[in-house]
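Student: Right, I'll just put the structure down here and ask away after.
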Amino acid sequence: MKIGLIGLPKSGKTTLFNLLTGSKVATARYDSGRAELHTGVARVPDPRVDRLSVIFKPKKTTYATFEVVDLAGIERGERAGLDTKEFRNADALLHVVRAFADEALGAPAPRRDIEDLDTELILADLEVVERRLERLEASIKKQRKEADVKEQAILARLKKDLESETPLRAVSLTPDDARAIRGFTFLSQKPILHCLNLDEKAIGDGPHAIQKLGLEAAAQRARTRIGWVSAVIEAEVAELAGDEQRAFLADLGLTEPAIHRVLSECYALLGLVSFFTVGEDEVRAWPIPEGTRAQAAAGTVHSDIERGFIRAEVNSYDDLVAVEGSFADLRARGQQRLEGKDYVVRDGEICHFRFNVAK
Ligand SMILES: Nc1nc2c(ncn2[C@@H]2O[C@H](COP(=O)(O)OP(=O)(O)OP(=O)(O)O)[C@@H](O)[C@H]2O)c(=O)[nH]1
Ligand SMILES: [Mg+2]
């Protein structure tokens, strides 16, 4: 799963990219004039994994991850810049919104920037829909195919939505319709996190930023979240460790780095949840799309386990922690469940798959 960083030039995308992925790509106040593309892997912090790791003392601890792509900023109205495969292939968008003052760029206008980006995404999709409808009409005139007529009906409906400025992420689609339009990779259909990049002096406003900046309506929209961070401060936080970091955070009135929350928000935005596997070799979080069934979940661990799937031993995180990781105790209490291939795995469950490798 992949999240694409999007936003106006110099909003702090690359600074945030570095924080999310632990990279050290150069950031600049002034443009180098080069089109950039960075890709990296973000690790999702999870206190449950920390705890399981303390209990099982494994050789290796592995956190859930997702991919991040960072592109050059897109100027207002430069819609063509949105139409790149990096954005189209992204499963969700992370919109970095400048909320800090800058000498060259002037006072920030986060609300306007959020509305403008949404409009750009909608207009980009509208262009795609209109182009496709023209073609469909021509080909239906020549030869009437049922599939074309059906597609025309769906797109005509979406066109109306887009014209009334509704992003496609807010439009409910039947599973059939959703499948039919998947190939278009519509931009306004992707879930979006607007991340306010706050002035370092305004970090204390973080928790009230939505009200302060008048973003209540935007925050209510379907599959839309509004988060905040001060990228410059977070970069300083990331340079520190242990007690020094804790003291610095406490000074700022934070209990943990704000980037941790952004990482969790991105993960949820991508529709991902984690199940865990534990053992003396490894404690590991496995990302799965919400609603994944046990057999498919087994496949994320190994395709052989999916193929030879028999049953999943499923344990709740709280139950397992309460008995300090003793599966024997859980079984004795009747708290361990055996589930079949169609069981929907839930966030935080500890799974052990029974399987049979065919020779
Ligand atoms: N004061 C302040 N400056 C910031 C903040 N975040 C980023 N900057 C600065 O803004 C400049 C641009 O940051 P980048 O992360 O390169 O921005 P970008 O969005 O990737 O820029 P482009 O890729 O050129 O569009 C750098 O000089 C950063 O140090 C912030 O929270 N506060
Ligand atoms: Mg950049």
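The chains in the structure tokens are called A, B, ... from first to last as shown; in each chain the residues are counted from 1, and the ligands are counted from 1 in the order shown.
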Please check which protein, DNA or RNA residues sit within 8 Å of ligand 2, counting only C-alpha atoms and all ligand atoms, and write them as a ChimeraX atom specification.
Tutor: /A:9-10,12-15,27-28,36,70-73
Student: Take the residues from that selection and put them in a file with C-alpha atoms, as an mmCIF file, in the first residue's frame.
Tutor:
```cif
data_model
loop_
_atom_site.group_PDB
_atom_site.id
_atom_site.type_symbol
_atom_site.label_atom_id
_atom_site.label_comp_id
_atom_site.auth_asym_id
_atom_site.auth_seq_id
_atom_site.Cartn_x
_atom_site.Cartn_y
_atom_site.Cartn_z
ATOM 1 C CA PRO A 9 5.644 23.966 -3.618
ATOM 2 C CA LYS A 10 7.576 24.505 -0.370
ATOM 3 C CA GLY A 12 7.218 20.906 3.620
ATOM 4 C CA LYS A 13 6.551 17.660 1.737
ATOM 5 C CA THR A 14 10.134 16.487 1.575
ATOM 6 C CA THR A 15 10.730 17.443 5.212
ATOM 7 C CA THR A 27 15.212 20.057 1.492
ATOM 8 C CA ALA A 28 15.569 23.574 0.156
ATOM 9 C CA GLU A 36 12.252 15.224 -7.886
ATOM 10 C CA ASP A 70 7.246 12.351 -2.555
ATOM 11 C CA LEU A 71 7.066 14.461 -5.684
ATOM 12 C CA ALA A 72 7.855 18.062 -6.509
ATOM 13 C CA GLY A 73 5.211 20.588 -5.434
#
```
Student: List as a PyMOL selection string the protein and nucleic acid residues lying within 9 Å of ligand 1, with only C-alpha atoms and all ligand atoms counted.
Tutor: chain A and resi 5-18+25-37+70-75+96-102+196-201+229-234
Student: For Thr21 of chain A, list every protein, DNA or RNA residue within 9 Å, evaluated using only C-alpha atoms, and leave out those in the same chain fewer than 6 positions away; present the list as a ChimeraX atom specification.
Tutor: /A:39-43,67-68
Student: Once DSSP has gone over the backbone, tell me which residues of segment 258-358 of chain A are in strand (DSSP E or B), as a PyMOL selection string.
Tutor: chain A and resi 272-277+282-289+293+309-315+337-339+344+350-355
Student: Please, what distance in Å, to one decimal, runs between atom CA of Gly271 of chain A and atom CA of Trp228 of chain A?
Tutor: 19.7 Å
Student: Produce a table with one row for each residue of segment 285-325 of chain A that has an atom at most 7 Å from any atom of segment 342-354 of chain A, each row naming the nearest atom pair and its distance in Å at one decimal; use only C-alpha atoms; arrange rows by chain and rising residue number; format as a tab-separated table.
Tutor:
```
residue	atom	partner	partner_atom	distance
A:Gly291	CA	A:Val344	CA	5.7
A:Thr292	CA	A:Val344	CA	5.6
A:Arg293	CA	A:Val344	CA	4.3
A:Ala294	CA	A:Tyr343	CA	5.3
A:Gln295	CA	A:Asp342	CA	6.9
A:Ala298	CA	A:Phe353	CA	6.7
A:Phe309	CA	A:Arg354	CA	6.3
A:Ile310	CA	A:Arg354	CA	5.4
A:Arg311	CA	A:Arg354	CA	5.2
A:Ala312	CA	A:Phe353	CA	4.5
A:Glu313	CA	A:His352	CA	5.0
A:Val314	CA	A:Cys351	CA	4.8
A:Asn315	CA	A:Ile350	CA	5.0
A:Ser316	CA	A:Glu349	CA	5.0
A:Tyr317	CA	A:Glu349	CA	5.7
```
Student: Only N, CA and C atoms, please: the residues just picked out, written as a PDB file, in the first residue's frame.
Tutor:
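Final output, selection-v6.pdb:
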```
ATOM      1  N   GLY A 291     -10.881  -6.181   7.027  1.00  0.00           N
ATOM      2  CA  GLY A 291     -11.851  -7.097   6.415  1.00  0.00           C
ATOM      3  C   GLY A 291     -11.223  -8.323   5.769  1.00  0.00           C
ATOM      4  N   THR A 292      -9.888  -8.456   5.881  1.00  0.00           N
ATOM      5  CA  THR A 292      -9.199  -9.610   5.282  1.00  0.00           C
ATOM      6  C   THR A 292      -9.544 -10.896   6.033  1.00  0.00           C
ATOM      7  N   ARG A 293      -9.772 -11.965   5.278  1.00  0.00           N
ATOM      8  CA  ARG A 293     -10.102 -13.247   5.894  1.00  0.00           C
ATOM      9  C   ARG A 293      -8.840 -14.023   6.241  1.00  0.00           C
ATOM     10  N   ALA A 294      -9.015 -14.984   7.169  1.00  0.00           N
ATOM     11  CA  ALA A 294      -7.865 -15.671   7.761  1.00  0.00           C
ATOM     12  C   ALA A 294      -6.935 -16.299   6.717  1.00  0.00           C
ATOM     13  N   GLN A 295      -7.525 -16.935   5.699  1.00  0.00           N
ATOM     14  CA  GLN A 295      -6.647 -17.610   4.738  1.00  0.00           C
ATOM     15  C   GLN A 295      -5.792 -16.606   3.962  1.00  0.00           C
ATOM     16  N   ALA A 298      -3.071 -15.314   6.149  1.00  0.00           N
ATOM     17  CA  ALA A 298      -1.976 -16.290   6.226  1.00  0.00           C
ATOM     18  C   ALA A 298      -1.036 -16.109   5.039  1.00  0.00           C
ATOM     19  N   PHE A 309      -3.529 -23.914   4.185  1.00  0.00           N
ATOM     20  CA  PHE A 309      -4.231 -23.424   5.376  1.00  0.00           C
ATOM     21  C   PHE A 309      -5.187 -24.463   5.961  1.00  0.00           C
ATOM     22  N   ILE A 310      -5.095 -24.699   7.282  1.00  0.00           N
ATOM     23  CA  ILE A 310      -6.063 -25.590   7.953  1.00  0.00           C
ATOM     24  C   ILE A 310      -6.939 -24.763   8.890  1.00  0.00           C
ATOM     25  N   ARG A 311      -6.302 -24.142   9.880  1.00  0.00           N
ATOM     26  CA  ARG A 311      -7.034 -23.337  10.871  1.00  0.00           C
ATOM     27  C   ARG A 311      -6.121 -22.218  11.359  1.00  0.00           C
ATOM     28  N   ALA A 312      -6.743 -21.186  11.908  1.00  0.00           N
ATOM     29  CA  ALA A 312      -5.954 -20.137  12.560  1.00  0.00           C
ATOM     30  C   ALA A 312      -6.215 -20.213  14.063  1.00  0.00           C
ATOM     31  N   GLU A 313      -5.139 -20.244  14.859  1.00  0.00           N
ATOM     32  CA  GLU A 313      -5.290 -20.087  16.300  1.00  0.00           C
ATOM     33  C   GLU A 313      -5.280 -18.582  16.543  1.00  0.00           C
ATOM     34  N   VAL A 314      -6.368 -18.082  17.121  1.00  0.00           N
ATOM     35  CA  VAL A 314      -6.509 -16.628  17.271  1.00  0.00           C
ATOM     36  C   VAL A 314      -6.602 -16.256  18.745  1.00  0.00           C
ATOM     37  N   ASN A 315      -5.783 -15.272  19.138  1.00  0.00           N
ATOM     38  CA  ASN A 315      -5.757 -14.833  20.532  1.00  0.00           C
ATOM     39  C   ASN A 315      -5.934 -13.332  20.593  1.00  0.00           C
ATOM     40  N   SER A 316      -6.657 -12.864  21.596  1.00  0.00           N
ATOM     41  CA  SER A 316      -6.784 -11.417  21.723  1.00  0.00           C
ATOM     42  C   SER A 316      -5.519 -10.865  22.384  1.00  0.00           C
ATOM     43  N   TYR A 317      -5.156  -9.663  21.962  1.00  0.00           N
ATOM     44  CA  TYR A 317      -3.952  -9.025  22.500  1.00  0.00           C
ATOM     45  C   TYR A 317      -4.056  -8.856  24.016  1.00  0.00           C
TER      46      TYR A 317
END
```
Student: I'd like to know which residues of segment 79-245 of chain A are helix (DSSP H, G or I) (by DSSP, run on the backbone); could you write them as number ranges by chain?
Tutor: A: 79-82, 85-88, 110-142, 146-163, 168-170, 175-184, 187-189, 200-212, 216-219, 231-239, 242-245
Student: Would you mind reading off the distance between atom CA of Pro45 of chain A and atom CA of Ser264 of chain A, one decimal, in Å?
Tutor: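 Separation of atom CA of Pro45 of chain A and atom CA of Ser264 of chain A: 7.4 Å.
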Student: Quick one: residues within 7 Å of Leu168 of chain A, only C-alpha atoms, excluding same-chain residues fewer than 2 positions away - as an MDAnalysis selection string?
Tutor: chainID A and resid 166 170:171 188:189
Student: Kindly export the residues of the current selection with C-alpha atoms, as a short mmCIF file (atom, residue, chain, number, x, y, z; two decimals), in the first residue's frame.
Tutor:
```cif
data_model
loop_
_atom_site.label_atom_id
_atom_site.label_comp_id
_atom_site.auth_asym_id
_atom_site.auth_seq_id
_atom_site.Cartn_x
_atom_site.Cartn_y
_atom_site.Cartn_z
CA THR A 166 -18.49 16.34 -4.77
CA ALA A 170 -17.83 10.91 -0.91
CA VAL A 171 -19.90 9.05 -3.52
CA SER A 188 -10.73 12.57 -5.86
CA GLN A 189 -11.73 9.01 -4.97
#
```
Student: Excluding same-chain residues fewer than 6 positions from Lys60 of chain A, what lies within 7 Å of it counting only C-alpha atoms, as a list in words?
Tutor: Asp281, Glu282 and Val283 of chain A
Student: Can you spit out the residues from that selection as a compact mmCIF listing (two decimals), in the first residue's frame, using N, CA and C atoms?
Tutor:
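Output file again25.txt follows:
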```
# COMPACT_ATOMS: atom_id res chain seq x y z
N ASP A 281 11.86 -16.15 17.71
CA ASP A 281 12.62 -15.59 16.60
C ASP A 281 12.18 -14.16 16.27
N GLU A 282 10.86 -13.99 16.22
CA GLU A 282 10.38 -12.69 15.76
C GLU A 282 9.01 -12.34 16.33
N VAL A 283 8.88 -11.08 16.72
CA VAL A 283 7.55 -10.51 16.99
C VAL A 283 7.29 -9.57 15.83
```
Student: Rank A:Ile122, A:Ile114, A:Val49, A:Val301 by their smallest atom-to-atom distance to Phe355 of chain A, using only C-alpha atoms, and report the top residue only.
Tutor: A:Val301
Student: Within 12 Å of Val128 of chain A, counting only C-alpha atoms, which residues qualify if same-chain residues fewer than 3 places away don't, as a ChimeraX atom specification?
Tutor: /A:80,83,121-125,131-135,155-156,158-159,162,181,183-188
Student: Keeping N, CA and C atoms for every residue in the selection just given, could you write it to a file as a PDB file, in the first residue's frame?
Tutor:
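Dumped everything to out34.pdb:
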```
ATOM      1  N   ALA A  80      -2.079  19.567 -14.763  1.00  0.00           N
ATOM      2  CA  ALA A  80      -1.377  18.496 -15.474  1.00  0.00           C
ATOM      3  C   ALA A  80      -0.398  17.774 -14.551  1.00  0.00           C
ATOM      4  N   ASP A  83      -1.539  14.624 -12.909  1.00  0.00           N
ATOM      5  CA  ASP A  83      -1.816  13.441 -13.696  1.00  0.00           C
ATOM      6  C   ASP A  83      -0.546  12.628 -13.932  1.00  0.00           C
ATOM      7  N   LEU A 121      -8.432  18.233  -7.735  1.00  0.00           N
ATOM      8  CA  LEU A 121      -8.614  16.786  -7.876  1.00  0.00           C
ATOM      9  C   LEU A 121      -9.922  16.497  -8.602  1.00  0.00           C
ATOM     10  N   ILE A 122     -10.958  17.252  -8.230  1.00  0.00           N
ATOM     11  CA  ILE A 122     -12.277  17.066  -8.847  1.00  0.00           C
ATOM     12  C   ILE A 122     -12.219  17.415 -10.339  1.00  0.00           C
ATOM     13  N   LEU A 123     -11.557  18.539 -10.668  1.00  0.00           N
ATOM     14  CA  LEU A 123     -11.483  18.953 -12.071  1.00  0.00           C
ATOM     15  C   LEU A 123     -10.661  17.959 -12.900  1.00  0.00           C
ATOM     16  N   ALA A 124      -9.608  17.428 -12.299  1.00  0.00           N
ATOM     17  CA  ALA A 124      -8.790  16.443 -13.011  1.00  0.00           C
ATOM     18  C   ALA A 124      -9.645  15.215 -13.341  1.00  0.00           C
ATOM     19  N   ASP A 125     -10.468  14.781 -12.394  1.00  0.00           N
ATOM     20  CA  ASP A 125     -11.333  13.621 -12.630  1.00  0.00           C
ATOM     21  C   ASP A 125     -12.415  13.943 -13.654  1.00  0.00           C
ATOM     22  N   ARG A 131     -13.764  13.084 -21.231  1.00  0.00           N
ATOM     23  CA  ARG A 131     -13.063  12.501 -22.381  1.00  0.00           C
ATOM     24  C   ARG A 131     -13.598  11.101 -22.677  1.00  0.00           C
ATOM     25  N   ARG A 132     -13.757  10.316 -21.626  1.00  0.00           N
ATOM     26  CA  ARG A 132     -14.218   8.944 -21.796  1.00  0.00           C
ATOM     27  C   ARG A 132     -15.671   8.912 -22.297  1.00  0.00           C
ATOM     28  N   LEU A 133     -16.489   9.822 -21.791  1.00  0.00           N
ATOM     29  CA  LEU A 133     -17.892   9.848 -22.225  1.00  0.00           C
ATOM     30  C   LEU A 133     -18.011  10.173 -23.716  1.00  0.00           C
ATOM     31  N   GLU A 134     -17.170  11.085 -24.198  1.00  0.00           N
ATOM     32  CA  GLU A 134     -17.182  11.417 -25.629  1.00  0.00           C
ATOM     33  C   GLU A 134     -16.892  10.183 -26.464  1.00  0.00           C
ATOM     34  N   ARG A 135     -15.848   9.471 -26.060  1.00  0.00           N
ATOM     35  CA  ARG A 135     -15.471   8.260 -26.796  1.00  0.00           C
ATOM     36  C   ARG A 135     -16.583   7.225 -26.769  1.00  0.00           C
ATOM     37  N   LEU A 155     -20.627   6.624 -15.545  1.00  0.00           N
ATOM     38  CA  LEU A 155     -19.825   7.846 -15.693  1.00  0.00           C
ATOM     39  C   LEU A 155     -20.709   9.096 -15.748  1.00  0.00           C
ATOM     40  N   ALA A 156     -21.891   8.978 -16.341  1.00  0.00           N
ATOM     41  CA  ALA A 156     -22.789  10.133 -16.390  1.00  0.00           C
ATOM     42  C   ALA A 156     -23.187  10.537 -14.976  1.00  0.00           C
ATOM     43  N   LEU A 158     -21.357   9.966 -12.227  1.00  0.00           N
ATOM     44  CA  LEU A 158     -20.180  10.562 -11.577  1.00  0.00           C
ATOM     45  C   LEU A 158     -19.943  11.986 -12.075  1.00  0.00           C
ATOM     46  N   LYS A 159     -20.238  12.209 -13.344  1.00  0.00           N
ATOM     47  CA  LYS A 159     -20.044  13.545 -13.916  1.00  0.00           C
ATOM     48  C   LYS A 159     -20.901  14.556 -13.155  1.00  0.00           C
ATOM     49  N   LEU A 162     -19.329  15.231  -9.777  1.00  0.00           N
ATOM     50  CA  LEU A 162     -18.132  16.068  -9.891  1.00  0.00           C
ATOM     51  C   LEU A 162     -18.518  17.511 -10.219  1.00  0.00           C
ATOM     52  N   ILE A 181     -15.119   1.095 -12.383  1.00  0.00           N
ATOM     53  CA  ILE A 181     -14.376   2.355 -12.586  1.00  0.00           C
ATOM     54  C   ILE A 181     -12.962   2.304 -12.008  1.00  0.00           C
ATOM     55  N   GLY A 183     -10.222   1.087 -12.958  1.00  0.00           N
ATOM     56  CA  GLY A 183      -9.131   1.354 -13.898  1.00  0.00           C
ATOM     57  C   GLY A 183      -8.846   2.832 -14.119  1.00  0.00           C
ATOM     58  N   PHE A 184      -9.804   3.683 -13.813  1.00  0.00           N
ATOM     59  CA  PHE A 184      -9.592   5.126 -14.024  1.00  0.00           C
ATOM     60  C   PHE A 184      -8.691   5.738 -12.951  1.00  0.00           C
ATOM     61  N   THR A 185      -8.500   5.046 -11.842  1.00  0.00           N
ATOM     62  CA  THR A 185      -7.702   5.555 -10.702  1.00  0.00           C
ATOM     63  C   THR A 185      -8.007   7.034 -10.436  1.00  0.00           C
ATOM     64  N   PHE A 186      -9.284   7.325 -10.219  1.00  0.00           N
ATOM     65  CA  PHE A 186      -9.707   8.706  -9.981  1.00  0.00           C
ATOM     66  C   PHE A 186      -9.028   9.287  -8.743  1.00  0.00           C
ATOM     67  N   LEU A 187      -8.542  10.527  -8.897  1.00  0.00           N
ATOM     68  CA  LEU A 187      -7.779  11.150  -7.805  1.00  0.00           C
ATOM     69  C   LEU A 187      -8.669  11.574  -6.640  1.00  0.00           C
ATOM     70  N   SER A 188      -9.864  12.086  -6.956  1.00  0.00           N
ATOM     71  CA  SER A 188     -10.731  12.569  -5.864  1.00  0.00           C
ATOM     72  C   SER A 188     -11.408  11.405  -5.153  1.00  0.00           C
TER      73      SER A 188
END
```
Student: May I ask which of the residues A:His194, A:Arg307, A:His260, A:Arg246 is the closest one to Leu93 of chain A, counting only C-alpha atoms?
Tutor: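 For Leu93 of chain A, the nearest of the candidates is A:His194.
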Student: Restricting the calculation to only C-alpha atoms, which member of A:Cys195, A:Ser274, A:Gly4, A:Thr62 is positioned closest to Gly227 of chain A?
Tutor: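 Residue with the minimum atom-to-atom distance to Gly227 of chain A: A:Cys195.
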Student: I'd like the interatomic distance between atom CA of His208 of chain A and atom CA of Ala107 of chain A, to a tenth of an Å.
Tutor: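 Calculated distance between atom CA of His208 of chain A and atom CA of Ala107 of chain A is 19.2 Å.
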